[in-house]
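Colleague: Below you'll find structure-v6.txt; it's compact mmCIF, N, CA and C atoms.
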# COMPACT_ATOMS: atom_id res chain seq x y z
N MET A 1 -6.28 -16.58 -1.28
CA MET A 1 -6.14 -16.17 -2.67
C MET A 1 -7.51 -16.01 -3.33
N GLY A 2 -8.53 -16.53 -2.68
CA GLY A 2 -9.88 -16.40 -3.21
C GLY A 2 -10.42 -14.98 -3.17
N ASN A 3 -9.66 -14.05 -2.59
CA ASN A 3 -10.09 -12.66 -2.54
C ASN A 3 -9.62 -11.86 -3.76
N PHE A 4 -8.89 -12.51 -4.67
CA PHE A 4 -8.55 -11.87 -5.94
C PHE A 4 -9.77 -12.01 -6.85
N ILE A 5 -10.12 -10.93 -7.52
CA ILE A 5 -11.23 -10.99 -8.47
C ILE A 5 -10.78 -10.35 -9.78
N GLN A 6 -11.35 -10.86 -10.85
CA GLN A 6 -11.01 -10.33 -12.17
C GLN A 6 -12.27 -9.77 -12.82
N ARG A 7 -12.14 -8.56 -13.33
CA ARG A 7 -13.20 -7.93 -14.10
C ARG A 7 -12.60 -7.52 -15.42
N GLU A 8 -13.10 -8.11 -16.49
CA GLU A 8 -12.54 -7.91 -17.82
C GLU A 8 -11.05 -8.25 -17.76
N ASP A 9 -10.16 -7.33 -18.09
CA ASP A 9 -8.72 -7.63 -18.05
C ASP A 9 -8.05 -7.11 -16.79
N ASN A 10 -8.82 -6.63 -15.83
CA ASN A 10 -8.26 -6.04 -14.62
C ASN A 10 -8.45 -6.95 -13.41
N TRP A 11 -7.42 -6.99 -12.56
CA TRP A 11 -7.47 -7.78 -11.33
C TRP A 11 -7.51 -6.85 -10.13
N PHE A 12 -8.23 -7.28 -9.10
CA PHE A 12 -8.36 -6.54 -7.85
C PHE A 12 -8.22 -7.52 -6.69
N LEU A 13 -7.80 -7.00 -5.55
CA LEU A 13 -7.75 -7.79 -4.33
C LEU A 13 -8.76 -7.19 -3.37
N ARG A 14 -9.74 -7.99 -2.98
CA ARG A 14 -10.75 -7.52 -2.03
C ARG A 14 -10.16 -7.66 -0.62
N VAL A 15 -10.10 -6.54 0.08
CA VAL A 15 -9.50 -6.51 1.42
C VAL A 15 -10.46 -5.86 2.41
N VAL A 16 -10.29 -6.24 3.67
CA VAL A 16 -10.99 -5.56 4.75
C VAL A 16 -9.95 -4.67 5.39
N GLY A 17 -10.17 -3.37 5.29
CA GLY A 17 -9.16 -2.42 5.74
C GLY A 17 -9.56 -1.69 7.00
N LYS A 18 -8.93 -0.57 7.14
CA LYS A 18 -9.15 0.31 8.28
C LYS A 18 -10.65 0.58 8.45
N GLY A 19 -11.11 0.51 9.67
CA GLY A 19 -12.53 0.74 9.94
C GLY A 19 -13.41 -0.40 9.47
N LYS A 20 -12.82 -1.57 9.24
CA LYS A 20 -13.54 -2.77 8.78
C LYS A 20 -14.27 -2.54 7.45
N LYS A 21 -13.73 -1.63 6.64
CA LYS A 21 -14.32 -1.34 5.34
C LYS A 21 -13.78 -2.33 4.31
N VAL A 22 -14.68 -2.86 3.50
CA VAL A 22 -14.29 -3.76 2.40
C VAL A 22 -14.05 -2.90 1.18
N ARG A 23 -12.90 -3.12 0.53
CA ARG A 23 -12.63 -2.40 -0.71
C ARG A 23 -11.83 -3.28 -1.64
N GLU A 24 -11.78 -2.88 -2.88
CA GLU A 24 -11.06 -3.62 -3.90
C GLU A 24 -9.87 -2.79 -4.36
N VAL A 25 -8.68 -3.34 -4.15
CA VAL A 25 -7.44 -2.65 -4.50
C VAL A 25 -6.99 -3.16 -5.87
N PRO A 26 -6.75 -2.26 -6.83
CA PRO A 26 -6.28 -2.71 -8.15
C PRO A 26 -4.90 -3.36 -8.05
N ILE A 27 -4.70 -4.41 -8.81
CA ILE A 27 -3.45 -5.16 -8.80
C ILE A 27 -2.67 -4.84 -10.08
N PRO A 28 -1.45 -4.29 -9.95
CA PRO A 28 -0.65 -4.01 -11.15
C PRO A 28 -0.17 -5.30 -11.81
N ASN A 29 0.09 -5.22 -13.09
CA ASN A 29 0.53 -6.40 -13.85
C ASN A 29 1.79 -7.02 -13.27
N GLU A 30 2.72 -6.20 -12.77
CA GLU A 30 3.96 -6.74 -12.20
C GLU A 30 3.68 -7.64 -11.00
N LEU A 31 2.72 -7.25 -10.18
CA LEU A 31 2.37 -8.07 -9.02
C LEU A 31 1.67 -9.35 -9.47
N LEU A 32 0.82 -9.26 -10.47
CA LEU A 32 0.13 -10.43 -10.99
C LEU A 32 1.13 -11.43 -11.57
N THR A 33 2.17 -10.93 -12.24
CA THR A 33 3.23 -11.79 -12.78
C THR A 33 3.99 -12.48 -11.65
N ALA A 34 4.35 -11.72 -10.60
CA ALA A 34 5.05 -12.30 -9.45
C ALA A 34 4.18 -13.34 -8.75
N LEU A 35 2.89 -13.05 -8.64
CA LEU A 35 1.96 -13.99 -8.01
C LEU A 35 1.88 -15.29 -8.82
N ALA A 36 1.81 -15.17 -10.15
CA ALA A 36 1.75 -16.35 -11.00
C ALA A 36 3.03 -17.19 -10.84
N ASP A 37 4.18 -16.54 -10.80
CA ASP A 37 5.45 -17.26 -10.59
C ASP A 37 5.44 -17.99 -9.25
N PHE A 38 4.98 -17.32 -8.21
CA PHE A 38 4.90 -17.92 -6.88
C PHE A 38 3.97 -19.14 -6.89
N ARG A 39 2.82 -18.99 -7.51
CA ARG A 39 1.84 -20.08 -7.54
C ARG A 39 2.39 -21.29 -8.28
N ILE A 40 3.14 -21.05 -9.35
CA ILE A 40 3.76 -22.16 -10.11
C ILE A 40 4.81 -22.85 -9.24
N ARG A 41 5.62 -22.09 -8.53
CA ARG A 41 6.68 -22.65 -7.68
C ARG A 41 6.15 -23.51 -6.53
N ILE A 42 4.96 -23.17 -6.04
CA ILE A 42 4.42 -23.97 -4.93
C ILE A 42 3.39 -24.99 -5.44
N ASP A 43 3.40 -25.22 -6.74
CA ASP A 43 2.59 -26.27 -7.37
C ASP A 43 1.08 -26.11 -7.21
N LEU A 44 0.61 -24.89 -7.29
CA LEU A 44 -0.84 -24.68 -7.31
C LEU A 44 -1.36 -25.00 -8.71
N PRO A 45 -2.62 -25.38 -8.84
CA PRO A 45 -3.12 -25.86 -10.12
C PRO A 45 -3.19 -24.85 -11.26
N SER A 46 -3.15 -23.55 -10.94
CA SER A 46 -3.20 -22.55 -12.01
C SER A 46 -2.36 -21.34 -11.61
N PRO A 47 -1.86 -20.60 -12.60
CA PRO A 47 -1.07 -19.40 -12.29
C PRO A 47 -1.91 -18.27 -11.69
N GLN A 48 -3.21 -18.24 -11.99
CA GLN A 48 -4.08 -17.19 -11.44
C GLN A 48 -4.92 -17.77 -10.30
N PRO A 49 -5.22 -16.94 -9.32
CA PRO A 49 -6.09 -17.38 -8.22
C PRO A 49 -7.47 -17.78 -8.75
N GLN A 50 -8.06 -18.74 -8.10
CA GLN A 50 -9.38 -19.23 -8.49
C GLN A 50 -10.45 -18.68 -7.55
N PHE A 51 -11.67 -18.59 -8.04
CA PHE A 51 -12.80 -18.10 -7.26
C PHE A 51 -12.95 -18.92 -5.98
N ARG A 52 -13.01 -18.24 -4.85
CA ARG A 52 -13.17 -18.84 -3.52
C ARG A 52 -12.05 -19.81 -3.12
N GLU A 53 -10.90 -19.65 -3.72
CA GLU A 53 -9.75 -20.49 -3.37
C GLU A 53 -9.36 -20.24 -1.91
N LYS A 54 -9.02 -21.30 -1.21
CA LYS A 54 -8.71 -21.21 0.23
C LYS A 54 -7.22 -21.06 0.52
N THR A 55 -6.35 -21.15 -0.48
CA THR A 55 -4.91 -21.00 -0.24
C THR A 55 -4.63 -19.62 0.34
N PRO A 56 -3.92 -19.55 1.48
CA PRO A 56 -3.61 -18.23 2.04
C PRO A 56 -2.76 -17.41 1.09
N LEU A 57 -2.96 -16.10 1.10
CA LEU A 57 -2.18 -15.20 0.25
C LEU A 57 -0.70 -15.22 0.64
N ILE A 58 -0.43 -15.21 1.94
CA ILE A 58 0.94 -15.30 2.43
C ILE A 58 0.99 -16.51 3.37
N PRO A 59 1.24 -17.69 2.80
CA PRO A 59 1.14 -18.91 3.60
C PRO A 59 2.39 -19.24 4.41
N MET A 60 2.17 -20.08 5.43
CA MET A 60 3.29 -20.67 6.15
C MET A 60 3.84 -21.78 5.26
N LYS A 61 4.89 -22.46 5.70
CA LYS A 61 5.51 -23.51 4.89
C LYS A 61 4.53 -24.62 4.51
N ASN A 62 3.54 -24.88 5.35
CA ASN A 62 2.59 -25.95 5.05
C ASN A 62 1.58 -25.56 3.97
N LEU A 63 1.56 -24.31 3.57
CA LEU A 63 0.69 -23.74 2.54
C LEU A 63 -0.79 -23.78 2.91
N LYS A 64 -1.12 -24.19 4.12
CA LYS A 64 -2.52 -24.29 4.55
C LYS A 64 -2.91 -23.15 5.48
N GLU A 65 -1.94 -22.64 6.22
CA GLU A 65 -2.21 -21.58 7.20
C GLU A 65 -1.50 -20.30 6.77
N SER A 66 -2.13 -19.19 7.10
CA SER A 66 -1.54 -17.88 6.80
C SER A 66 -0.57 -17.48 7.90
N ILE A 67 0.47 -16.74 7.51
CA ILE A 67 1.35 -16.20 8.54
C ILE A 67 0.58 -15.11 9.30
N THR A 68 1.04 -14.79 10.47
CA THR A 68 0.32 -13.84 11.32
C THR A 68 0.63 -12.39 10.92
N PRO A 69 -0.27 -11.49 11.27
CA PRO A 69 0.02 -10.06 11.03
C PRO A 69 1.32 -9.62 11.71
N ARG A 70 1.60 -10.16 12.89
CA ARG A 70 2.84 -9.82 13.59
C ARG A 70 4.06 -10.23 12.76
N ARG A 71 3.97 -11.41 12.15
CA ARG A 71 5.09 -11.89 11.32
C ARG A 71 5.26 -11.01 10.08
N ILE A 72 4.15 -10.57 9.51
CA ILE A 72 4.23 -9.67 8.36
C ILE A 72 4.95 -8.38 8.76
N ASP A 73 4.60 -7.84 9.92
CA ASP A 73 5.27 -6.63 10.41
C ASP A 73 6.76 -6.87 10.60
N GLN A 74 7.12 -8.04 11.13
CA GLN A 74 8.54 -8.36 11.33
C GLN A 74 9.28 -8.42 9.99
N ILE A 75 8.66 -9.04 9.01
CA ILE A 75 9.29 -9.16 7.68
C ILE A 75 9.45 -7.77 7.05
N LEU A 76 8.43 -6.93 7.17
CA LEU A 76 8.52 -5.57 6.63
C LEU A 76 9.64 -4.78 7.30
N LYS A 77 9.71 -4.86 8.63
CA LYS A 77 10.77 -4.16 9.36
C LYS A 77 12.15 -4.63 8.89
N TRP A 78 12.31 -5.94 8.73
CA TRP A 78 13.57 -6.52 8.26
C TRP A 78 13.91 -5.95 6.88
N ALA A 79 12.91 -5.91 5.98
CA ALA A 79 13.15 -5.40 4.62
C ALA A 79 13.49 -3.90 4.65
N PHE A 80 12.80 -3.14 5.48
CA PHE A 80 13.08 -1.71 5.60
C PHE A 80 14.51 -1.49 6.12
N HIS A 81 14.91 -2.28 7.10
CA HIS A 81 16.27 -2.14 7.66
C HIS A 81 17.34 -2.50 6.63
N LEU A 82 17.07 -3.52 5.82
CA LEU A 82 18.02 -3.87 4.74
C LEU A 82 18.16 -2.71 3.76
N GLY A 83 17.03 -2.14 3.37
CA GLY A 83 17.06 -1.00 2.45
C GLY A 83 17.77 0.20 3.06
N ALA A 84 17.52 0.45 4.34
CA ALA A 84 18.16 1.57 5.03
C ALA A 84 19.67 1.38 5.09
N ALA A 85 20.10 0.15 5.31
CA ALA A 85 21.54 -0.13 5.37
C ALA A 85 22.21 0.18 4.03
N GLU A 86 21.51 -0.09 2.95
CA GLU A 86 22.03 0.21 1.61
C GLU A 86 22.14 1.73 1.38
N LEU A 87 21.23 2.47 1.97
CA LEU A 87 21.19 3.93 1.77
C LEU A 87 22.07 4.70 2.74
N GLU A 88 22.48 4.06 3.81
CA GLU A 88 23.15 4.74 4.93
C GLU A 88 24.31 5.64 4.50
N GLN A 89 25.19 5.17 3.65
CA GLN A 89 26.36 5.95 3.25
C GLN A 89 26.02 7.19 2.43
N GLY A 90 25.27 6.99 1.35
CA GLY A 90 25.03 8.11 0.44
C GLY A 90 23.82 8.96 0.77
N HIS A 91 22.86 8.40 1.49
CA HIS A 91 21.60 9.11 1.77
C HIS A 91 21.14 8.83 3.20
N PRO A 92 21.87 9.35 4.17
CA PRO A 92 21.54 9.04 5.58
C PRO A 92 20.14 9.49 6.00
N ARG A 93 19.67 10.58 5.44
CA ARG A 93 18.32 11.04 5.80
C ARG A 93 17.25 10.06 5.32
N LYS A 94 17.39 9.59 4.08
CA LYS A 94 16.46 8.60 3.55
C LYS A 94 16.56 7.30 4.35
N ALA A 95 17.77 6.93 4.72
CA ALA A 95 17.97 5.71 5.52
C ALA A 95 17.25 5.82 6.85
N SER A 96 17.34 6.98 7.47
CA SER A 96 16.68 7.20 8.75
C SER A 96 15.17 7.05 8.62
N LYS A 97 14.59 7.62 7.56
CA LYS A 97 13.15 7.50 7.33
C LYS A 97 12.76 6.04 7.11
N LEU A 98 13.56 5.33 6.33
CA LEU A 98 13.26 3.93 6.05
C LEU A 98 13.36 3.07 7.30
N ASN A 99 14.31 3.38 8.17
CA ASN A 99 14.44 2.64 9.42
C ASN A 99 13.21 2.77 10.32
N SER A 100 12.48 3.86 10.18
CA SER A 100 11.29 4.05 11.02
C SER A 100 10.00 3.72 10.28
N ALA A 101 10.11 3.14 9.09
CA ALA A 101 8.93 2.83 8.28
C ALA A 101 8.13 1.67 8.88
N SER A 102 6.86 1.59 8.45
CA SER A 102 5.95 0.55 8.94
C SER A 102 4.97 0.18 7.83
N ALA A 103 4.10 -0.78 8.11
CA ALA A 103 3.06 -1.15 7.15
C ALA A 103 2.16 0.06 6.88
N HIS A 104 1.86 0.82 7.90
CA HIS A 104 1.01 2.00 7.73
C HIS A 104 1.70 3.04 6.85
N TRP A 105 3.01 3.13 6.97
CA TRP A 105 3.80 4.03 6.13
C TRP A 105 3.62 3.65 4.65
N LEU A 106 3.56 2.33 4.38
CA LEU A 106 3.34 1.87 3.00
C LEU A 106 1.99 2.36 2.47
N ARG A 107 1.00 2.35 3.33
CA ARG A 107 -0.33 2.83 2.95
C ARG A 107 -0.27 4.30 2.53
N HIS A 108 0.40 5.11 3.34
CA HIS A 108 0.53 6.53 3.01
C HIS A 108 1.35 6.72 1.73
N SER A 109 2.40 5.93 1.58
CA SER A 109 3.23 6.02 0.36
C SER A 109 2.42 5.69 -0.87
N TYR A 110 1.59 4.65 -0.78
CA TYR A 110 0.77 4.24 -1.91
C TYR A 110 -0.13 5.38 -2.36
N VAL A 111 -0.83 5.99 -1.43
CA VAL A 111 -1.75 7.08 -1.79
C VAL A 111 -0.97 8.26 -2.37
N THR A 112 0.16 8.59 -1.77
CA THR A 112 0.99 9.69 -2.27
C THR A 112 1.45 9.42 -3.70
N TYR A 113 2.00 8.24 -3.95
CA TYR A 113 2.48 7.91 -5.30
C TYR A 113 1.33 7.84 -6.30
N LEU A 114 0.18 7.38 -5.85
CA LEU A 114 -0.98 7.33 -6.73
C LEU A 114 -1.34 8.74 -7.21
N LEU A 115 -1.38 9.67 -6.28
CA LEU A 115 -1.71 11.05 -6.64
C LEU A 115 -0.61 11.70 -7.47
N GLU A 116 0.65 11.43 -7.11
CA GLU A 116 1.77 12.01 -7.87
C GLU A 116 1.83 11.49 -9.30
N SER A 117 1.29 10.28 -9.52
CA SER A 117 1.32 9.72 -10.88
C SER A 117 0.13 10.19 -11.71
N GLY A 118 -0.70 11.06 -11.13
CA GLY A 118 -1.78 11.66 -11.91
C GLY A 118 -3.15 11.03 -11.73
N ALA A 119 -3.30 10.11 -10.79
CA ALA A 119 -4.61 9.50 -10.56
C ALA A 119 -5.58 10.57 -10.05
N PRO A 120 -6.83 10.48 -10.44
CA PRO A 120 -7.83 11.42 -9.93
C PRO A 120 -7.96 11.30 -8.41
N LEU A 121 -8.26 12.40 -7.77
CA LEU A 121 -8.42 12.44 -6.31
C LEU A 121 -9.47 11.43 -5.85
N LYS A 122 -10.54 11.32 -6.60
CA LYS A 122 -11.64 10.38 -6.25
C LYS A 122 -11.14 8.94 -6.25
N VAL A 123 -10.30 8.57 -7.19
CA VAL A 123 -9.74 7.22 -7.25
C VAL A 123 -8.86 6.96 -6.03
N ALA A 124 -8.01 7.94 -5.70
CA ALA A 124 -7.15 7.80 -4.53
C ALA A 124 -7.99 7.68 -3.26
N GLN A 125 -9.05 8.46 -3.16
CA GLN A 125 -9.94 8.40 -2.00
C GLN A 125 -10.55 7.01 -1.87
N GLU A 126 -11.05 6.46 -2.98
CA GLU A 126 -11.68 5.13 -2.95
C GLU A 126 -10.67 4.06 -2.60
N ASN A 127 -9.47 4.12 -3.21
CA ASN A 127 -8.45 3.09 -2.93
C ASN A 127 -7.97 3.15 -1.49
N ALA A 128 -7.92 4.35 -0.92
CA ALA A 128 -7.47 4.49 0.47
C ALA A 128 -8.59 4.18 1.46
N GLY A 129 -9.84 4.21 0.97
CA GLY A 129 -10.96 3.95 1.86
C GLY A 129 -11.32 5.12 2.73
N HIS A 130 -10.97 6.32 2.29
CA HIS A 130 -11.31 7.52 3.05
C HIS A 130 -12.78 7.89 2.80
N SER A 131 -13.54 8.08 3.86
CA SER A 131 -14.94 8.49 3.68
C SER A 131 -15.03 9.98 3.35
N ASP A 132 -14.05 10.75 3.80
CA ASP A 132 -14.02 12.20 3.57
C ASP A 132 -12.88 12.52 2.59
N ILE A 133 -13.21 13.15 1.48
CA ILE A 133 -12.20 13.50 0.49
C ILE A 133 -11.15 14.46 1.06
N GLY A 134 -11.53 15.20 2.11
CA GLY A 134 -10.60 16.10 2.76
C GLY A 134 -9.39 15.38 3.33
N THR A 135 -9.60 14.14 3.80
CA THR A 135 -8.49 13.33 4.32
C THR A 135 -7.52 13.03 3.19
N THR A 136 -8.05 12.67 2.02
CA THR A 136 -7.21 12.35 0.86
C THR A 136 -6.47 13.59 0.38
N MET A 137 -7.10 14.74 0.49
CA MET A 137 -6.49 15.98 0.03
C MET A 137 -5.26 16.35 0.86
N LEU A 138 -5.13 15.79 2.05
CA LEU A 138 -3.95 16.06 2.87
C LEU A 138 -2.68 15.48 2.23
N TYR A 139 -2.84 14.51 1.34
CA TYR A 139 -1.70 13.90 0.68
C TYR A 139 -1.17 14.81 -0.40
Please express what this file holds, its structure, as structure tokens.
Modeller:
Amino acid sequence: MGNFIQREDNWFLRVVGKGKKVREVPIPNELLTALADFRIRIDLPSPQPQFREKTPLIPMKNLKESITPRRIDQILKWAFHLGAAELEQGHPRKASKLNSASAHWLRHSYVTYLLESGAPLKVAQENAGHSDIGTTMLY
């Protein structure tokens, strides 16, 4: 949780992404609210992450160790399959897409939605960590 940083009224999560690039992803208020609720429920000393805090962002039950990337993928697949099951009757095509979704699919969705909501191309490029704006333009 020590990778959350605050600048003025804005929060960011510093991540090491594709190509071992470090970048700061903006955190929406809804996520910050959910994070504060989670931190209160697990009895952390403050609703907001603290500088250099060692608590894992996605902890195991002991709250000291982080779950593995493989487990995160399993949880995402489970969530995608639940969503697909809900869509199966009325929207089989959407259900099929959701059944084949992955963590990488979320990355592409994020950039697509960012651009569709009117964000400047340069902002989308920086958030995605693309060195070439041409890659971002494919979205």
Colleague: Which is closer to Asp73 of chain A than all the others in A:Pro45, A:Leu35, A:Ala103, A:Lys94, using all atoms listed in the file?
Modeller: A:Ala103
Colleague: Among chain A, which residues carry a DSSP assignment of strand (DSSP E), reported as a list in words?
Modeller: Phe4, Ile5, Gln6, Arg7, Asn10, Trp11, Phe12, Leu13, Arg14, Val15, Val16, Val22, Arg23, Glu24, Val25 and Pro26 of chain A
Colleague: Could you work out how far atom C of Ser66 of chain A lies from atom CA of His130 of chain A, giving the answer in Å with one decimal?
Modeller: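 Between these atoms lies a distance of 27.6 Å.
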Colleague: Excluding Leu76 of chain A and residues on its chain fewer than 5 positions from it, collect all residues at most 9 Å away from it, counting only C-alpha atoms, and give them as a list in words.
Modeller: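 Residues meeting the cut-off are Arg71, His81, Ala101, Ser102 and Ala103 of chain A.
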Colleague: Edge lengths and centre in Å to one decimal, as lines of an AutoDock Vina configuration file, of the axis-aligned box that encloses all listed atoms of segment 11-30 of chain A with 6 Å added on every side?
Modeller:
center_x = -5.4
center_y = -3.6
center_z = -2.0
size_x = 30.6
size_y = 20.7
size_z = 35.8
Colleague: Report, in Å to a single decimal, how far apart atom CA of Gln48 of chain A and atom C of Ala36 of chain A are.
Modeller: 7.1 Å
Colleague: Counting all atoms listed in the file, which residues of segment 47-94 of chain A fall within 8 Å of segment 5-16 of chain A, and what is the closest atom pair for each with its distance in Å at one decimal, ordered by chain and rising number, as a tab-separated table?
Modeller:
residue	atom	partner	partner_atom	distance
A:Pro49	C	A:Ile5	N	7.4
A:Gln50	C	A:Ile5	N	7.8
A:Phe51	CA	A:Ile5	CA	7.4
Colleague: Please measure the separation of atom CA of Lys18 of chain A and atom C of Thr112 of chain A, giving the value in Å to one decimal.
Modeller: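 Computing the Euclidean distance for atom CA of Lys18 of chain A and atom C of Thr112 of chain A yields 18.4 Å.
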Colleague: When you look at Val111 of chain A with a cut-off of 7 Å (counting only N, CA and C atoms), what residues show up, excluding the ones that are within fewer than 3 positions of it in the same chain? I need them as a PyMOL selection string.
Modeller: chain A and resi 106-108+114-116+124+128+139
Colleague: Do you know which residues are at most 6 Å from Arg52 of chain A counting all atoms listed in the file, after dropping those on the same chain fewer than 5 positions away, and could you put them as a list in words?
Modeller: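 Skipping anything fewer than 5 positions along the chain leaves Met1, Gly2 and Asn3 of chain A.
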Colleague: What does the file look like for those residues with N, CA and C atoms, as a tab-separated table (two decimals), keeping the file's coordinate frame?
Modeller:
chain	number	residue	atom	x	y	z
A	1	MET	N	-6.28	-16.58	-1.28
A	1	MET	CA	-6.14	-16.17	-2.67
A	1	MET	C	-7.51	-16.01	-3.33
A	2	GLY	N	-8.53	-16.53	-2.68
A	2	GLY	CA	-9.88	-16.40	-3.21
A	2	GLY	C	-10.42	-14.98	-3.17
A	3	ASN	N	-9.66	-14.05	-2.59
A	3	ASN	CA	-10.09	-12.66	-2.54
A	3	ASN	C	-9.62	-11.86	-3.76
Colleague: Nearest to Arg39 of chain A among A:Glu24, A:Thr55, A:Thr68, A:Ala85, with distances taken over only C-alpha atoms: which residue is it?
Modeller: A:Thr55
Colleague: Give me, as a count of residues only, the residues of chain A that a backbone DSSP run labels alpha helix (DSSP H).
Modeller: 67
